[in-house]
Structures are given as structure tokens and as C-alpha cells.
file query-v3.txt (compact mmCIF, C-alpha atoms)
# COMPACT_ATOMS: atom_id res chain seq x y z
CA GLY A 1 89.40 84.21 -85.62
CA ASP A 2 90.62 86.52 -82.93
CA SER A 3 94.34 86.87 -82.35
CA VAL A 4 96.76 88.99 -80.36
CA THR A 5 100.35 89.65 -81.29
CA GLN A 6 102.75 91.15 -78.80
CA MET A 7 106.43 91.77 -78.90
CA GLU A 8 108.68 88.95 -77.87
CA GLY A 9 110.71 89.23 -74.76
CA PRO A 10 112.45 89.19 -72.58
CA VAL A 11 112.75 92.90 -72.16
CA THR A 12 115.45 94.06 -69.78
CA LEU A 13 115.44 97.65 -68.55
CA SER A 14 117.21 99.64 -65.93
CA GLU A 15 115.15 101.11 -63.12
CA GLU A 16 113.44 104.40 -64.08
CA ALA A 17 113.66 103.63 -67.79
CA PHE A 18 110.70 104.10 -70.13
CA LEU A 19 108.75 100.99 -71.04
CA THR A 20 106.81 100.17 -74.18
CA ILE A 21 105.42 96.73 -74.94
CA ASN A 22 103.74 96.58 -78.32
CA CYS A 23 100.47 94.78 -78.88
CA THR A 24 98.34 94.49 -82.00
CA TYR A 25 95.18 92.51 -82.49
CA THR A 26 92.81 91.01 -85.00
CA ALA A 27 89.19 90.59 -84.04
CA THR A 28 85.68 90.63 -85.37
CA GLY A 29 83.53 93.45 -84.16
CA TYR A 30 84.71 95.75 -81.40
CA PRO A 31 86.55 93.87 -78.70
CA SER A 32 87.51 94.97 -75.23
CA LEU A 33 91.25 95.06 -74.71
CA PHE A 34 93.23 94.17 -71.63
CA TRP A 35 96.67 93.97 -70.17
CA TYR A 36 97.19 91.27 -67.58
CA VAL A 37 100.27 90.88 -65.41
CA GLN A 38 101.67 87.71 -63.91
CA TYR A 39 104.20 88.16 -61.14
CA PRO A 40 106.60 85.28 -60.45
CA GLY A 41 104.77 82.38 -58.85
CA GLU A 42 101.38 84.07 -58.98
CA GLY A 43 98.25 84.01 -61.11
CA LEU A 44 97.13 86.58 -63.64
CA GLN A 45 95.94 89.95 -62.46
CA LEU A 46 94.15 92.51 -64.53
CA LEU A 47 96.41 95.52 -64.95
CA LEU A 48 94.22 97.75 -67.10
CA LYS A 49 91.54 97.65 -69.73
CA ALA A 50 89.80 99.68 -72.44
CA THR A 51 86.41 98.87 -73.84
CA LYS A 52 86.09 101.19 -76.83
CA ALA A 53 88.16 103.08 -79.36
CA ASP A 54 90.31 105.94 -78.01
CA ASP A 55 89.78 104.82 -74.42
CA LYS A 56 92.89 104.96 -72.26
CA GLY A 57 93.30 102.38 -69.54
CA SER A 58 95.65 103.21 -66.70
CA ASN A 59 96.78 101.69 -63.44
CA LYS A 60 99.91 101.78 -61.28
CA GLY A 61 101.59 104.18 -63.69
CA PHE A 62 100.94 101.96 -66.70
CA GLU A 63 98.87 103.23 -69.62
CA ALA A 64 97.52 101.85 -72.87
CA THR A 65 95.29 103.49 -75.47
CA TYR A 66 92.81 101.59 -77.63
CA ARG A 67 93.74 102.52 -81.21
CA LYS A 68 91.15 101.16 -83.59
CA GLU A 69 92.79 102.62 -86.69
CA THR A 70 96.03 100.75 -86.04
CA THR A 71 94.40 97.85 -84.12
CA SER A 72 96.91 98.39 -81.33
CA PHE A 73 96.98 98.59 -77.55
CA HIS A 74 100.58 99.30 -76.60
CA LEU A 75 101.52 99.27 -72.92
CA GLU A 76 103.65 102.13 -71.60
CA LYS A 77 105.14 103.25 -68.33
CA GLY A 78 107.28 106.29 -67.88
CA SER A 79 109.56 104.99 -65.14
CA VAL A 80 109.74 101.31 -64.33
CA GLN A 81 110.66 99.85 -60.97
CA VAL A 82 112.24 96.56 -60.00
CA SER A 83 108.85 95.50 -58.63
CA ASP A 84 107.40 95.74 -62.15
CA SER A 85 109.38 92.67 -63.18
CA ALA A 86 106.76 90.22 -64.40
CA VAL A 87 105.20 88.73 -67.50
CA TYR A 88 102.71 90.98 -69.27
CA PHE A 89 99.93 89.58 -71.42
CA CYS A 90 97.90 91.56 -73.92
CA ALA A 91 94.41 90.14 -74.39
CA LEU A 92 91.08 90.77 -76.00
CA ASN A 93 87.51 89.79 -75.38
CA SER A 94 85.06 89.79 -78.26
CA LEU A 95 81.62 90.75 -77.08
CA GLY A 96 78.67 88.64 -77.96
CA GLY A 97 80.39 85.33 -77.44
CA TYR A 98 81.25 83.41 -74.32
CA GLN A 99 83.41 86.28 -73.24
CA LYS A 100 86.37 84.10 -74.00
CA VAL A 101 89.68 85.85 -73.66
CA THR A 102 92.31 85.54 -76.35
CA PHE A 103 95.82 86.08 -75.06
CA GLY A 104 99.05 87.11 -76.63
CA THR A 105 102.13 85.06 -75.92
CA GLY A 106 103.28 87.26 -73.07
CA THR A 107 106.32 89.51 -72.68
CA LYS A 108 108.67 89.00 -69.81
CA LEU A 109 109.97 92.23 -68.31
CA GLN A 110 113.03 92.29 -66.11
CA VAL A 111 113.96 95.53 -64.40
CA ILE A 112 117.43 95.75 -62.95
CA PRO A 113 118.49 98.20 -60.24
CA GLY B 1 86.40 93.02 -56.57
CA ALA B 2 85.37 89.52 -57.55
CA VAL B 3 87.58 86.71 -56.32
CA VAL B 4 88.19 83.31 -57.86
CA SER B 5 90.01 80.66 -55.88
CA GLN B 6 91.57 77.39 -56.91
CA HIS B 7 92.42 74.33 -54.89
CA PRO B 8 94.94 72.90 -54.61
CA SER B 9 97.55 75.45 -55.56
CA TRP B 10 100.10 72.72 -56.15
CA VAL B 11 99.81 68.97 -56.54
CA ILE B 12 102.14 66.12 -57.34
CA CYS B 13 100.71 62.82 -58.46
CA LYS B 14 101.95 59.56 -59.87
CA SER B 15 101.50 58.60 -63.48
CA GLY B 16 98.21 56.81 -64.06
CA THR B 17 96.32 58.43 -61.21
CA SER B 18 93.61 61.09 -61.45
CA VAL B 19 93.69 64.57 -60.00
CA LYS B 20 90.80 66.94 -59.33
CA ILE B 21 91.23 70.70 -59.36
CA GLU B 22 88.54 72.99 -57.97
CA CYS B 23 87.69 76.48 -59.12
CA ARG B 24 85.38 78.60 -56.99
CA SER B 25 83.88 82.03 -57.41
CA LEU B 26 83.88 83.34 -53.87
CA ASP B 27 81.61 86.35 -53.94
CA PHE B 28 79.70 86.08 -57.17
CA GLN B 29 77.92 83.50 -59.23
CA ALA B 30 79.33 82.18 -62.45
CA THR B 31 77.21 80.23 -64.89
CA THR B 32 80.27 79.99 -67.08
CA MET B 33 83.87 79.35 -66.17
CA PHE B 34 86.90 78.81 -68.34
CA TRP B 35 89.82 76.45 -67.94
CA TYR B 36 93.22 77.34 -69.32
CA ARG B 37 96.52 75.57 -69.48
CA GLN B 38 99.78 77.46 -69.39
CA PHE B 39 102.98 75.86 -70.56
CA PRO B 40 106.32 77.17 -69.28
CA LYS B 41 107.20 80.49 -70.85
CA GLN B 42 104.13 80.39 -73.07
CA SER B 43 100.73 81.95 -73.17
CA LEU B 44 97.50 80.58 -71.84
CA MET B 45 95.69 78.05 -73.96
CA LEU B 46 91.94 77.82 -73.52
CA MET B 47 91.01 74.22 -72.88
CA ALA B 48 87.29 74.32 -72.30
CA THR B 49 84.28 76.35 -71.28
CA SER B 50 82.48 75.04 -68.24
CA ASN B 51 78.72 75.59 -68.21
CA GLU B 52 76.64 75.26 -65.07
CA GLY B 53 74.11 72.49 -65.42
CA SER B 54 75.22 71.34 -68.85
CA LYS B 55 78.14 69.78 -70.64
CA ALA B 56 81.40 71.59 -71.05
CA THR B 57 82.51 72.84 -74.43
CA TYR B 58 86.02 71.74 -75.33
CA GLU B 59 88.43 73.49 -77.64
CA GLN B 60 89.76 71.67 -80.63
CA GLY B 61 92.47 69.20 -79.75
CA VAL B 62 91.54 68.88 -76.07
CA GLU B 63 90.55 65.36 -75.03
CA LYS B 64 87.26 65.57 -73.20
CA ASP B 65 87.63 62.07 -71.77
CA LYS B 66 90.97 62.99 -70.28
CA PHE B 67 90.04 66.38 -68.91
CA LEU B 68 86.68 65.94 -67.24
CA ILE B 69 84.86 69.12 -66.33
CA ASN B 70 81.92 69.36 -63.98
CA HIS B 71 80.13 72.61 -63.17
CA ALA B 72 77.80 71.44 -60.46
CA SER B 73 76.84 74.77 -58.96
CA LEU B 74 76.94 78.48 -59.69
CA THR B 75 80.14 78.86 -57.71
CA LEU B 76 82.10 75.70 -58.40
CA SER B 77 83.69 74.08 -61.42
CA THR B 78 86.06 71.13 -61.26
CA LEU B 79 88.64 69.85 -63.69
CA THR B 80 89.71 66.23 -63.31
CA VAL B 81 92.80 65.08 -65.12
CA THR B 82 92.29 61.37 -65.59
CA SER B 83 95.08 58.83 -65.93
CA ALA B 84 97.62 61.58 -65.69
CA HIS B 85 100.93 61.35 -67.51
CA PRO B 86 104.08 63.45 -67.21
CA GLU B 87 103.11 65.41 -70.32
CA ASP B 88 100.04 66.63 -68.43
CA SER B 89 102.30 68.49 -66.04
CA SER B 90 101.42 72.13 -66.39
CA PHE B 91 99.89 75.18 -64.78
CA TYR B 92 96.10 75.08 -64.91
CA ILE B 93 94.15 78.30 -64.51
CA CYS B 94 90.43 78.94 -64.31
CA SER B 95 88.53 82.14 -64.83
CA ALA B 96 85.01 83.47 -64.62
CA PRO B 97 83.48 86.44 -66.42
CA GLY B 98 82.28 89.43 -64.46
CA ASP B 99 78.78 90.80 -64.50
CA ARG B 100 79.43 93.37 -67.17
CA GLY B 101 80.93 90.80 -69.49
CA HIS B 102 84.06 92.75 -70.28
CA GLU B 103 86.28 91.34 -67.63
CA GLN B 104 87.54 87.96 -66.56
CA TYR B 105 88.54 87.12 -63.02
CA PHE B 106 91.31 84.59 -62.81
CA GLY B 107 92.13 82.06 -60.19
CA PRO B 108 95.70 81.89 -58.90
CA GLY B 109 96.35 78.67 -60.80
CA THR B 110 97.20 75.08 -59.90
CA ARG B 111 100.58 73.62 -60.69
CA LEU B 112 100.31 69.94 -61.54
CA THR B 113 103.39 67.76 -61.60
CA VAL B 114 103.00 64.16 -62.73
CA THR B 115 105.89 61.87 -61.84
call {"tool": "encode", "arguments": {"input": "query-v3.txt", "output": "C-alpha cells"}}
result
Amino acid sequence: GDSVTQMEGPVTLSEEAFLTINCTYTATGYPSLFWYVQYPGEGLQLLLKATKADDKGSNKGFEATYRKETTSFHLEKGSVQVSDSAVYFCALNSLGGYQKVTFGTGTKLQVIP
Amino acid sequence: GAVVSQHPSWVICKSGTSVKIECRSLDFQATTMFWYRQFPKQSLMLMATSNEGSKATYEQGVEKDKFLINHASLTLSTLTVTSAHPEDSSFYICSAPGDRGHEQYFGPGTRLTVT
């Protein structure tokens, strides 16, 4: 079955530091890949996505590249802000099914001033 | 973009009572919706797939008689937690797929506390 593995948190960074959250996946076929963000007390929001190999998703300074050869979709940001503090979920969606989303366990990011 | 709402956002109920949670797609139609449960500091667990006009499909280990799902229209799915117990306390989230099939739109979630 499909699965997503992401690095355990929490991750604590100082403001303006570089962020990487690793994510690898196992899936049949060619899934679409996503990063979702959950701010404290709120629901999930789509942060970025990539639907095919070598695609780069980007939003709000965050980037992730769909690497089929390494089955990875690592999230990066060059300079984090306090407002980026949240839980980040890597996820995939295998086409051809119910469009069910398989989530990783989430990585909590805390950015300190 | 597409919006999914949930009601209520927060509910407290007594053990043994039933609670209904609504999930609505506000500006698009959804023949399928998904219900997730999120435990504290953990990922989302898919509970069931709600299908408009037919029975829901439950994931392994989810009690269908306890978590009743009704998808009565193309914009509304409801989850009823029957005879709730404290261990049912959790954050329940629904989602609906977008038109292109790649994306899911999530509701803001409902926090259920059973006392």
C-alpha cells in the first residue's frame, strides 16, 4: 500500500534559518505529492503540490521537488519566519482510486525569534 | 478556490449521547467526501469514504455502527458519533476532492470532547 515517511519533529529553528523537512514515499503508479500545513488551532491548508516527476511546487517561499528516482519530496525554505511555526504534513494521492490522501505523521516546526 | 466547511467547530457532549458533525462543500459539488480523525500530535487517519446516494466505505478497524455517515446531497455529508465515549474525543476532519482529482480540500475540523 501507499505510505509516506517524514522526519520526526519537533524542529526548532531560529528566525531566518534554512529549513529542510525530509519526506519519502512508497506508492503504486505515479502519485501526486503534497505538503499541507496546519497552523495552531486551524485545519489543514494545502501549501504546495507536484503532480509529476521533476515538478517543483512552490508557495510562500517554500519549495519541494518531486524526485521519482529517490521517491522523495523534501520541503525547503531559505529563511523561515516565526509565522511559519506550524505542523507540516507530507502527503500523496494515488491516481485512479478514490483520490484518497495518505499522510505522513507530520513534523512540528517551531521558529524562535 | 474551493471551500469546505464543518459544523460545529467544537462540541462537548456527555458520554452515551450522539453527536452529528456536518461537512459542506460551499461552492462545488462533491460526490465523494472523506472523513479523517486526528489524534493529538499524530497524523490524520482516514476513517471512511462518504459516497453521495450510496453507503459509505469504512476503513479497516472503524466501527460503521458507531460512526454513521450519510451523504444525502452533493454538498453535504454528515458524521454521527453514536453513544459517544471519552475515547471518541478527537479532532474530526472532512475533505472533498477537487475537479481535477489531484487535490483535496479540507474542512477546518471539529473538535469533539466527550465527558
call {"tool": "interface_residues", "arguments": {"input": "query-v3.txt", "of": "chain A", "to": "chain B", "cutoff": "10 Å", "atoms": "only C-alpha atoms", "output": "ChimeraX atom specification"}}
result
/A:31-34,38,41-46,49-51,87,89,92-108
call {"tool": "closest_residue", "arguments": {"input": "query-v3.txt", "among": "B:Thr57, B:Thr78, B:Ser83, B:Thr113", "to": "Thr17 of chain B", "atoms": "only C-alpha atoms"}}
result
B:Ser83
call {"tool": "atom_distance", "arguments": {"input": "query-v3.txt", "atom1": "atom CA of Ala30 of chain B", "atom2": "atom CA of Leu79 of chain B"}}
result
15.5 Å
call {"tool": "atom_distance", "arguments": {"input": "query-v3.txt", "atom1": "atom CA of Glu59 of chain B", "atom2": "atom CA of Met47 of chain B"}}
result
5.5 Å
call {"tool": "atom_distance", "arguments": {"input": "query-v3.txt", "atom1": "atom CA of His74 of chain A", "atom2": "atom CA of Thr28 of chain A"}}
result
19.3 Å
call {"tool": "closest_residue", "arguments": {"input": "query-v3.txt", "among": "B:Ser18, B:Thr115, B:Thr31, B:Ser50", "to": "Leu74 of chain B", "atoms": "only C-alpha atoms"}}
result
B:Thr31
call {"tool": "residues_around", "arguments": {"input": "query-v3.txt", "residues": "Phe18 of chain A", "least_positions_apart": "4", "cutoff": "9 Å", "atoms": "all atoms listed in the file", "output": "PDB file with C-alpha atoms, keeping the file's coordinate frame"}}
result
ATOM      1  CA  LEU A  13     115.440  97.650 -68.550  1.00  0.00           C
ATOM      2  CA  SER A  14     117.210  99.640 -65.930  1.00  0.00           C
ATOM      3  CA  GLU A  76     103.650 102.130 -71.600  1.00  0.00           C
ATOM      4  CA  LYS A  77     105.140 103.250 -68.330  1.00  0.00           C
ATOM      5  CA  GLY A  78     107.280 106.290 -67.880  1.00  0.00           C
ATOM      6  CA  SER A  79     109.560 104.990 -65.140  1.00  0.00           C
ATOM      7  CA  VAL A  80     109.740 101.310 -64.330  1.00  0.00           C
TER       8      VAL A  80
END
call {"tool": "residues_around", "arguments": {"input": "query-v3.txt", "residues": "Thr71 of chain A", "least_positions_apart": "5", "cutoff": "8 Å", "atoms": "all atoms listed in the file", "output": "number ranges by chain"}}
result
A: 24-26, 66
